[in-house]
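So this one's protein.txt, compact mmCIF, C-alpha atoms:
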```txt
# COMPACT_ATOMS: atom_id res chain seq x y z
CA GLY A 15 10.65 -11.87 -2.22
CA GLU A 16 11.17 -8.15 -2.26
CA ASN A 17 12.38 -6.58 0.99
CA VAL A 18 11.82 -2.82 1.23
CA GLU A 19 13.54 -0.92 4.04
CA GLN A 20 12.55 2.69 4.77
CA HIS A 21 14.26 5.34 6.91
CA PRO A 22 13.68 7.31 9.02
CA SER A 23 10.53 6.11 10.75
CA THR A 24 9.76 9.62 11.98
CA LEU A 25 10.87 12.99 10.69
CA SER A 26 10.13 16.44 12.05
CA VAL A 27 11.01 19.57 10.09
CA GLN A 28 10.14 23.22 10.26
CA GLU A 29 7.95 24.74 7.61
CA GLY A 30 10.02 25.74 4.62
CA ASP A 31 12.77 23.20 5.25
CA SER A 32 13.43 20.17 3.08
CA ALA A 33 12.63 16.57 3.97
CA VAL A 34 14.32 13.46 2.63
CA ILE A 35 13.11 9.88 3.05
CA LYS A 36 15.20 6.93 1.87
CA CYS A 37 14.35 3.39 0.85
CA THR A 38 16.35 0.35 -0.15
CA TYR A 39 15.10 -2.73 -1.98
CA SER A 40 16.45 -6.20 -2.61
CA ASP A 41 14.85 -7.51 -5.81
CA SER A 42 17.11 -6.78 -8.79
CA ALA A 43 14.14 -7.29 -11.10
CA SER A 44 12.27 -4.32 -9.60
CA ASN A 45 11.87 -1.51 -12.10
CA TYR A 46 9.07 0.64 -10.68
CA PHE A 47 9.26 2.68 -7.48
CA PRO A 48 6.22 4.61 -6.26
CA TRP A 49 5.72 6.79 -3.22
CA TYR A 50 2.38 6.96 -1.42
CA LYS A 51 1.12 9.55 1.06
CA GLN A 52 -1.36 8.53 3.73
CA GLU A 53 -3.08 11.12 5.87
CA LEU A 54 -4.55 10.05 9.19
CA GLY A 55 -7.56 7.80 8.68
CA LYS A 56 -7.40 8.02 4.90
CA ARG A 57 -6.34 5.79 2.04
CA PRO A 58 -2.80 5.76 0.63
CA GLN A 59 -2.51 7.93 -2.47
CA LEU A 60 0.23 7.92 -5.06
CA ILE A 61 2.20 11.16 -5.10
CA ILE A 62 5.07 10.31 -7.44
CA ASP A 63 6.66 7.30 -9.07
CA ILE A 64 9.81 6.55 -11.04
CA ARG A 65 10.75 3.85 -13.48
CA SER A 66 14.21 2.34 -13.72
CA ASN A 67 15.07 3.98 -17.04
CA VAL A 68 15.48 7.39 -15.34
CA GLY A 69 17.48 8.54 -12.36
CA GLU A 70 15.34 11.44 -11.20
CA LYS A 71 11.82 12.76 -11.54
CA LYS A 72 10.35 16.01 -10.27
CA ASP A 73 6.84 17.26 -9.75
CA GLN A 74 6.71 20.76 -8.28
CA ARG A 75 8.00 20.49 -4.69
CA ILE A 76 8.54 16.73 -4.70
CA ALA A 77 11.21 14.68 -6.42
CA VAL A 78 12.36 11.10 -6.42
CA THR A 79 15.87 9.88 -7.17
CA LEU A 80 16.86 6.32 -8.01
CA ASN A 81 20.21 4.55 -7.78
CA LYS A 82 19.72 1.10 -9.32
CA THR A 83 23.31 0.05 -8.69
CA ALA A 84 22.97 0.65 -4.98
CA LYS A 85 19.30 -0.41 -4.96
CA HIS A 86 18.01 2.66 -3.22
CA PHE A 87 15.63 5.49 -3.98
CA SER A 88 14.69 8.63 -2.12
CA LEU A 89 11.82 11.08 -1.80
CA HIS A 90 12.69 14.76 -1.55
CA ILE A 91 10.17 17.38 -0.46
CA THR A 92 11.29 21.00 -0.67
CA GLU A 93 9.71 24.07 0.92
CA THR A 94 7.66 21.87 3.22
CA GLN A 95 4.21 23.02 4.34
CA PRO A 96 2.06 21.88 7.29
CA GLU A 97 -0.24 20.05 4.86
CA ASP A 98 2.71 17.82 3.92
CA SER A 99 2.39 16.24 7.38
CA ALA A 100 1.42 12.60 6.80
CA VAL A 101 2.87 9.11 6.63
CA TYR A 102 4.84 8.40 3.47
CA PHE A 103 5.40 4.89 2.11
CA CYS A 104 7.82 3.73 -0.52
CA ALA A 105 7.14 0.55 -2.45
CA ALA A 106 8.73 -1.79 -4.97
CA PRO A 107 7.32 -4.72 -6.96
CA ASP A 108 8.06 -8.29 -5.96
CA SER A 109 8.89 -10.43 -8.97
CA ASN A 110 8.05 -13.51 -6.89
CA SER A 111 4.47 -12.41 -6.30
CA GLY A 112 3.14 -11.23 -9.61
CA TYR A 113 4.94 -7.90 -9.24
CA ALA A 114 2.56 -6.79 -6.52
CA LEU A 115 3.90 -3.85 -4.53
CA ASN A 116 5.74 -4.47 -1.27
CA PHE A 117 5.63 -1.43 0.99
CA GLY A 118 8.11 -0.01 3.44
CA LYS A 119 7.08 0.53 7.05
CA GLY A 120 6.44 4.21 6.51
CA THR A 121 7.85 7.56 7.60
CA SER A 122 5.72 9.83 9.74
CA LEU A 123 6.52 13.38 8.63
CA LEU A 124 5.58 16.31 10.82
CA VAL A 125 5.96 19.83 9.47
CA THR A 126 5.74 22.43 12.20
CA PRO A 127 4.80 26.05 11.43
CA GLU B 30 -14.37 8.25 -12.16
CA ALA B 31 -15.72 6.22 -9.24
CA GLY B 32 -13.05 4.94 -6.92
CA VAL B 33 -12.55 1.60 -5.21
CA ALA B 34 -15.51 0.91 -2.96
CA GLN B 35 -15.20 -1.03 0.29
CA SER B 36 -17.63 -1.99 3.01
CA PRO B 37 -18.11 -1.97 5.87
CA ARG B 38 -16.03 1.00 6.96
CA TYR B 39 -15.68 -0.28 10.51
CA LYS B 40 -16.23 -3.65 12.15
CA ILE B 41 -15.89 -4.74 15.76
CA ILE B 42 -16.05 -8.43 16.60
CA GLU B 43 -14.98 -10.77 19.34
CA LYS B 44 -12.18 -13.27 18.87
CA ARG B 45 -13.23 -16.53 17.26
CA GLN B 46 -16.08 -14.82 15.41
CA SER B 47 -16.24 -14.55 11.63
CA VAL B 48 -16.16 -11.43 9.50
CA ALA B 49 -16.34 -10.61 5.80
CA PHE B 50 -15.23 -7.58 3.83
CA TRP B 51 -16.39 -6.54 0.40
CA CYS B 52 -14.60 -4.65 -2.36
CA ASN B 53 -15.70 -3.32 -5.73
CA PRO B 54 -12.76 -2.17 -7.85
CA ILE B 55 -12.69 0.62 -10.39
CA SER B 56 -14.63 -0.39 -13.49
CA GLY B 57 -12.38 -2.09 -16.01
CA HIS B 58 -9.57 -2.85 -13.57
CA ALA B 59 -8.50 -6.44 -14.02
CA THR B 60 -6.16 -6.67 -11.05
CA LEU B 61 -7.41 -6.58 -7.46
CA TYR B 62 -5.38 -6.71 -4.27
CA TRP B 63 -6.15 -7.15 -0.60
CA TYR B 64 -3.66 -5.60 1.81
CA GLN B 65 -3.55 -5.73 5.60
CA GLN B 66 -2.29 -2.60 7.35
CA ILE B 67 -1.54 -3.00 11.05
CA LEU B 68 -1.34 0.25 12.99
CA GLY B 69 2.01 1.95 12.46
CA GLN B 70 3.08 -0.31 9.60
CA GLY B 71 2.98 -0.34 5.84
CA PRO B 72 0.38 -2.28 3.88
CA LYS B 73 1.16 -6.00 3.60
CA LEU B 74 -0.09 -7.94 0.59
CA LEU B 75 -2.51 -10.76 1.41
CA ILE B 76 -3.71 -11.77 -2.05
CA GLN B 77 -3.62 -10.61 -5.67
CA PHE B 78 -6.23 -11.48 -8.30
CA GLN B 79 -5.98 -11.10 -12.06
CA ASN B 80 -9.60 -11.20 -13.25
CA ASN B 81 -11.01 -14.18 -11.32
CA GLY B 82 -7.71 -16.02 -10.93
CA VAL B 83 -5.29 -15.88 -8.00
CA VAL B 84 -1.85 -14.55 -8.94
CA ASP B 85 -0.30 -14.71 -5.47
CA ASP B 86 -1.65 -15.68 -2.07
CA SER B 87 1.60 -16.75 -0.43
CA GLN B 88 1.11 -14.36 2.51
CA LEU B 89 -2.54 -15.20 3.12
CA PRO B 90 -3.00 -17.20 6.37
CA LYS B 91 -5.09 -19.84 4.69
CA ASP B 92 -6.07 -21.59 7.90
CA ARG B 93 -8.35 -18.65 8.72
CA PHE B 94 -8.41 -16.26 5.76
CA SER B 95 -10.11 -16.82 2.43
CA ALA B 96 -10.85 -14.58 -0.52
CA GLU B 97 -12.71 -14.90 -3.75
CA ARG B 98 -13.42 -12.95 -6.90
CA LEU B 99 -15.78 -15.28 -8.64
CA LYS B 100 -16.92 -13.12 -11.56
CA GLY B 101 -13.71 -11.17 -11.91
CA VAL B 102 -15.21 -7.96 -10.59
CA ASP B 103 -15.98 -7.52 -6.90
CA SER B 104 -14.27 -9.52 -4.20
CA THR B 105 -14.82 -10.67 -0.64
CA LEU B 106 -12.25 -11.38 2.06
CA LYS B 107 -13.27 -13.54 5.00
CA ILE B 108 -11.68 -14.28 8.34
CA GLN B 109 -12.88 -17.32 10.27
CA PRO B 110 -12.16 -17.51 13.17
CA ALA B 111 -10.71 -14.10 13.97
CA LYS B 112 -7.78 -13.62 16.33
CA LEU B 113 -6.75 -10.54 18.30
CA GLU B 114 -3.76 -10.01 15.99
CA ASP B 115 -6.11 -9.64 13.01
CA SER B 116 -7.01 -6.16 14.22
CA ALA B 117 -5.97 -3.93 11.32
CA VAL B 118 -7.22 -1.93 8.39
CA TYR B 119 -7.97 -4.11 5.38
CA LEU B 120 -7.31 -2.21 2.19
CA CYS B 121 -8.53 -3.22 -1.21
CA ALA B 122 -6.72 -1.85 -4.25
CA SER B 123 -7.10 -2.23 -7.98
CA SER B 124 -5.10 -1.54 -11.11
CA LEU B 125 -5.71 -1.82 -14.84
CA GLY B 126 -3.76 -5.06 -15.03
CA GLY B 127 -2.17 -4.36 -18.39
CA THR B 128 1.45 -3.93 -17.32
CA ARG B 129 3.71 -4.60 -14.37
CA ASN B 130 4.33 -1.02 -13.37
CA GLU B 131 0.92 0.33 -12.62
CA LYS B 132 -0.61 2.82 -10.29
CA LEU B 133 -2.58 1.22 -7.50
CA PHE B 134 -5.85 2.83 -6.49
CA PHE B 135 -6.81 2.13 -2.89
CA GLY B 136 -10.20 1.99 -1.26
CA SER B 137 -10.89 3.66 2.08
CA GLY B 138 -10.39 0.39 3.89
CA THR B 139 -12.25 -1.56 6.54
CA GLN B 140 -11.00 -1.01 10.07
CA LEU B 141 -11.35 -4.27 12.01
CA SER B 142 -11.13 -4.44 15.78
CA VAL B 143 -11.03 -7.90 17.34
CA LEU B 144 -11.78 -7.87 21.07
```
Could the structure of this file be written out as structure tokens, please?
Amino acid sequence: GENVEQHPSTLSVQEGDSAVIKCTYSDSASNYFPWYKQELGKRPQLIIDIRSNVGEKKDQRIAVTLNKTAKHFSLHITETQPEDSAVYFCAAPDSNSGYALNFGKGTSLLVTP
Amino acid sequence: EAGVAQSPRYKIIEKRQSVAFWCNPISGHATLYWYQQILGQGPKLLIQFQNNGVVDDSQLPKDRFSAERLKGVDSTLKIQPAKLEDSAVYLCASSLGGTRNEKLFFGSGTQLSVL
């Protein structure tokens, strides 16, 4: 099945700095890579996703890049704000389980004012 | 639109007791998932339904966990008997079910504490 590795597990940045979170996956058949944000005590919510036919996607201050050859994708947050503090999860579909999403272990991002 | 509904929000039980969780997906969503999220970890898939059929339950501990979606709409997940290591948030999610690459919508989850 799909194995999704996520780094770092914790990340602390100052407000206004950039934050980068990286994930690797193992299933060559994966072609969809979403990122979810989970605030404390709340449900995971999709913030951005990318499909394998593009290498980069941007949405205001967040962007995702994909390198299919190396099987890794990254989340980039620019001009971080305190409200960006949360746990971020990457995910990739598992072709052996009906393409259900397998999630990374998460990155706890703290943005300090 | 109404989101994924789950109940109860919290549950505290003693080990070896039974517990059941309920989920009502977004109207029209054919695919329903149950995930287990242990504190400090990412969600782990337990079971995936497409309408009322099971697509994948390879990670469901079938000796104690069961799930059903009899009419292809709402679903229940049961644990019998519960163990201490079952303490987690149980998240239900749904998607349209039309394609492989779909946005998952999560419910608020049921936080289970097994004492």
Item checked: For A:Asn116: contacts at 12 Å, all atoms listed in the file, fewer than 2 positions along chain excluded, given as a PyMOL selection string -> (chain A and resi 15-20+37-41+44+46-50+103-114+118-120) or (chain B and resi 62+64-66+70-76+88+133)
Give me, as JSON lines, each residue of chain B that comes within 12 Å of chain A, together with its shortest interatomic pair and the distance in Å at one decimal, counting only C-alpha atoms, with rows ordered by chain and rising residue number.
```
{"residue": "B:Gly32", "atom": "CA", "partner": "A:Arg57", "partner_atom": "CA", "distance": 11.2}
{"residue": "B:Val33", "atom": "CA", "partner": "A:Arg57", "partner_atom": "CA", "distance": 10.4}
{"residue": "B:Ala34", "atom": "CA", "partner": "A:Arg57", "partner_atom": "CA", "distance": 11.5}
{"residue": "B:Gln35", "atom": "CA", "partner": "A:Arg57", "partner_atom": "CA", "distance": 11.3}
{"residue": "B:Arg38", "atom": "CA", "partner": "A:Gly55", "partner_atom": "CA", "distance": 11.0}
{"residue": "B:Tyr39", "atom": "CA", "partner": "A:Gly55", "partner_atom": "CA", "distance": 11.6}
{"residue": "B:Thr60", "atom": "CA", "partner": "A:Ala114", "partner_atom": "CA", "distance": 9.8}
{"residue": "B:Leu61", "atom": "CA", "partner": "A:Ala114", "partner_atom": "CA", "distance": 10.0}
{"residue": "B:Tyr62", "atom": "CA", "partner": "A:Ala114", "partner_atom": "CA", "distance": 8.3}
{"residue": "B:Trp63", "atom": "CA", "partner": "A:Ala114", "partner_atom": "CA", "distance": 10.5}
{"residue": "B:Tyr64", "atom": "CA", "partner": "A:Asn116", "partner_atom": "CA", "distance": 10.0}
{"residue": "B:Gln65", "atom": "CA", "partner": "A:Phe117", "partner_atom": "CA", "distance": 11.1}
{"residue": "B:Gln66", "atom": "CA", "partner": "A:Lys119", "partner_atom": "CA", "distance": 9.9}
{"residue": "B:Ile67", "atom": "CA", "partner": "A:Lys119", "partner_atom": "CA", "distance": 10.1}
{"residue": "B:Leu68", "atom": "CA", "partner": "A:Lys119", "partner_atom": "CA", "distance": 10.3}
{"residue": "B:Gly69", "atom": "CA", "partner": "A:Lys119", "partner_atom": "CA", "distance": 7.5}
{"residue": "B:Gln70", "atom": "CA", "partner": "A:Lys119", "partner_atom": "CA", "distance": 4.8}
{"residue": "B:Gly71", "atom": "CA", "partner": "A:Lys119", "partner_atom": "CA", "distance": 4.4}
{"residue": "B:Pro72", "atom": "CA", "partner": "A:Phe117", "partner_atom": "CA", "distance": 6.1}
{"residue": "B:Lys73", "atom": "CA", "partner": "A:Asn116", "partner_atom": "CA", "distance": 6.9}
{"residue": "B:Leu74", "atom": "CA", "partner": "A:Asn116", "partner_atom": "CA", "distance": 7.0}
{"residue": "B:Leu75", "atom": "CA", "partner": "A:Ala114", "partner_atom": "CA", "distance": 10.2}
{"residue": "B:Ile76", "atom": "CA", "partner": "A:Ala114", "partner_atom": "CA", "distance": 9.2}
{"residue": "B:Gln77", "atom": "CA", "partner": "A:Ala114", "partner_atom": "CA", "distance": 7.3}
{"residue": "B:Phe78", "atom": "CA", "partner": "A:Gly112", "partner_atom": "CA", "distance": 9.5}
{"residue": "B:Gln79", "atom": "CA", "partner": "A:Gly112", "partner_atom": "CA", "distance": 9.4}
{"residue": "B:Gly82", "atom": "CA", "partner": "A:Gly112", "partner_atom": "CA", "distance": 11.9}
{"residue": "B:Val83", "atom": "CA", "partner": "A:Gly112", "partner_atom": "CA", "distance": 9.8}
{"residue": "B:Val84", "atom": "CA", "partner": "A:Gly112", "partner_atom": "CA", "distance": 6.0}
{"residue": "B:Asp85", "atom": "CA", "partner": "A:Ser111", "partner_atom": "CA", "distance": 5.4}
{"residue": "B:Asp86", "atom": "CA", "partner": "A:Ser111", "partner_atom": "CA", "distance": 8.1}
{"residue": "B:Ser87", "atom": "CA", "partner": "A:Ser111", "partner_atom": "CA", "distance": 7.8}
{"residue": "B:Gln88", "atom": "CA", "partner": "A:Ser111", "partner_atom": "CA", "distance": 9.6}
{"residue": "B:Val118", "atom": "CA", "partner": "A:Gly55", "partner_atom": "CA", "distance": 9.7}
{"residue": "B:Tyr119", "atom": "CA", "partner": "A:Arg57", "partner_atom": "CA", "distance": 10.6}
{"residue": "B:Leu120", "atom": "CA", "partner": "A:Arg57", "partner_atom": "CA", "distance": 8.1}
{"residue": "B:Cys121", "atom": "CA", "partner": "A:Arg57", "partner_atom": "CA", "distance": 9.8}
{"residue": "B:Ala122", "atom": "CA", "partner": "A:Pro58", "partner_atom": "CA", "distance": 9.9}
{"residue": "B:Ser123", "atom": "CA", "partner": "A:Ala114", "partner_atom": "CA", "distance": 10.8}
{"residue": "B:Ser124", "atom": "CA", "partner": "A:Ala114", "partner_atom": "CA", "distance": 10.4}
{"residue": "B:Gly126", "atom": "CA", "partner": "A:Gly112", "partner_atom": "CA", "distance": 10.7}
{"residue": "B:Thr128", "atom": "CA", "partner": "A:Tyr113", "partner_atom": "CA", "distance": 9.7}
{"residue": "B:Arg129", "atom": "CA", "partner": "A:Tyr113", "partner_atom": "CA", "distance": 6.2}
{"residue": "B:Asn130", "atom": "CA", "partner": "A:Tyr46", "partner_atom": "CA", "distance": 5.7}
{"residue": "B:Glu131", "atom": "CA", "partner": "A:Tyr46", "partner_atom": "CA", "distance": 8.4}
{"residue": "B:Lys132", "atom": "CA", "partner": "A:Leu60", "partner_atom": "CA", "distance": 7.4}
{"residue": "B:Leu133", "atom": "CA", "partner": "A:Leu60", "partner_atom": "CA", "distance": 7.7}
{"residue": "B:Phe134", "atom": "CA", "partner": "A:Gln59", "partner_atom": "CA", "distance": 7.3}
{"residue": "B:Phe135", "atom": "CA", "partner": "A:Arg57", "partner_atom": "CA", "distance": 6.2}
{"residue": "B:Gly136", "atom": "CA", "partner": "A:Arg57", "partner_atom": "CA", "distance": 6.3}
{"residue": "B:Ser137", "atom": "CA", "partner": "A:Arg57", "partner_atom": "CA", "distance": 5.0}
{"residue": "B:Gly138", "atom": "CA", "partner": "A:Arg57", "partner_atom": "CA", "distance": 7.0}
{"residue": "B:Thr139", "atom": "CA", "partner": "A:Arg57", "partner_atom": "CA", "distance": 10.4}
{"residue": "B:Gln140", "atom": "CA", "partner": "A:Gly55", "partner_atom": "CA", "distance": 9.6}
```
Next item on the list: State, in Å with one decimal place, the distance from atom CA of A:Ser88 to atom CA of A:Asn67.
Entry: 15.6 Å
Notebook entry, point to check: Between A:Lys36, A:Arg75, A:Lys51, A:His21, which is the closest to A:Glu93 once you count only C-alpha atoms?
Noted result: A:Arg75
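Picture a line from atom CA of A:Phe87 to atom CA of A:Ala43; it runs 14.7 Å.
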Next item on the list: Would you kindly return, as a ChimeraX atom specification, each protein, DNA or RNA residue with an atom no farther than 10 Å from any atom of B:Ser95, considering only C-alpha atoms and excluding same-chain residues fewer than 5 positions away?
Entry: /B:49,75-76,86,89-90,105-109
Next item on the list: Rounded to one decimal place, report the atom CA of A:Ile35-atom CA of A:Ala84 distance in Å.
Entry: 15.7 Å
Next item on the list: For A:Lys72, please output as a list in words all residues within 12 Å (counting all atoms listed in the file; exclusion window: fewer than 3 positions along the same chain).
Entry: Ile61, Ile62, Asp63, Ile64, Val68, Gly69, Arg75, Ile76, Ala77, Val78, Thr79, Leu80, Ser88, Leu89, His90, Ile91 and Thr92 of chain A
Next item on the list: Would you mind listing what lies within 6 Å of A:Ser99 as a list in words, with all atoms listed in the file counted and same-chain residues fewer than 6 positions away left out?
Entry: Leu123, Leu124 and Val125 of chain A
Go ahead and fit an axis-aligned box to every listed atom of stretch 79-87 of chain A plus 8 Å each side, and pass me the centre and edge lengths in Å, one decimal, as lines of an AutoDock Vina configuration file.
```
center_x = 19.5
center_y = 4.7
center_z = -6.3
size_x = 23.7
size_y = 26.3
size_z = 22.1
```
Next item on the list: Considering all atoms listed in the file, return as a PyMOL selection string whatever protein or nucleic-acid residues lie within 8 Å of B:Arg98, sequence-local ones (same chain, fewer than 2 positions apart) excluded.
Entry: chain B and resi 78+80-82+96+100-105
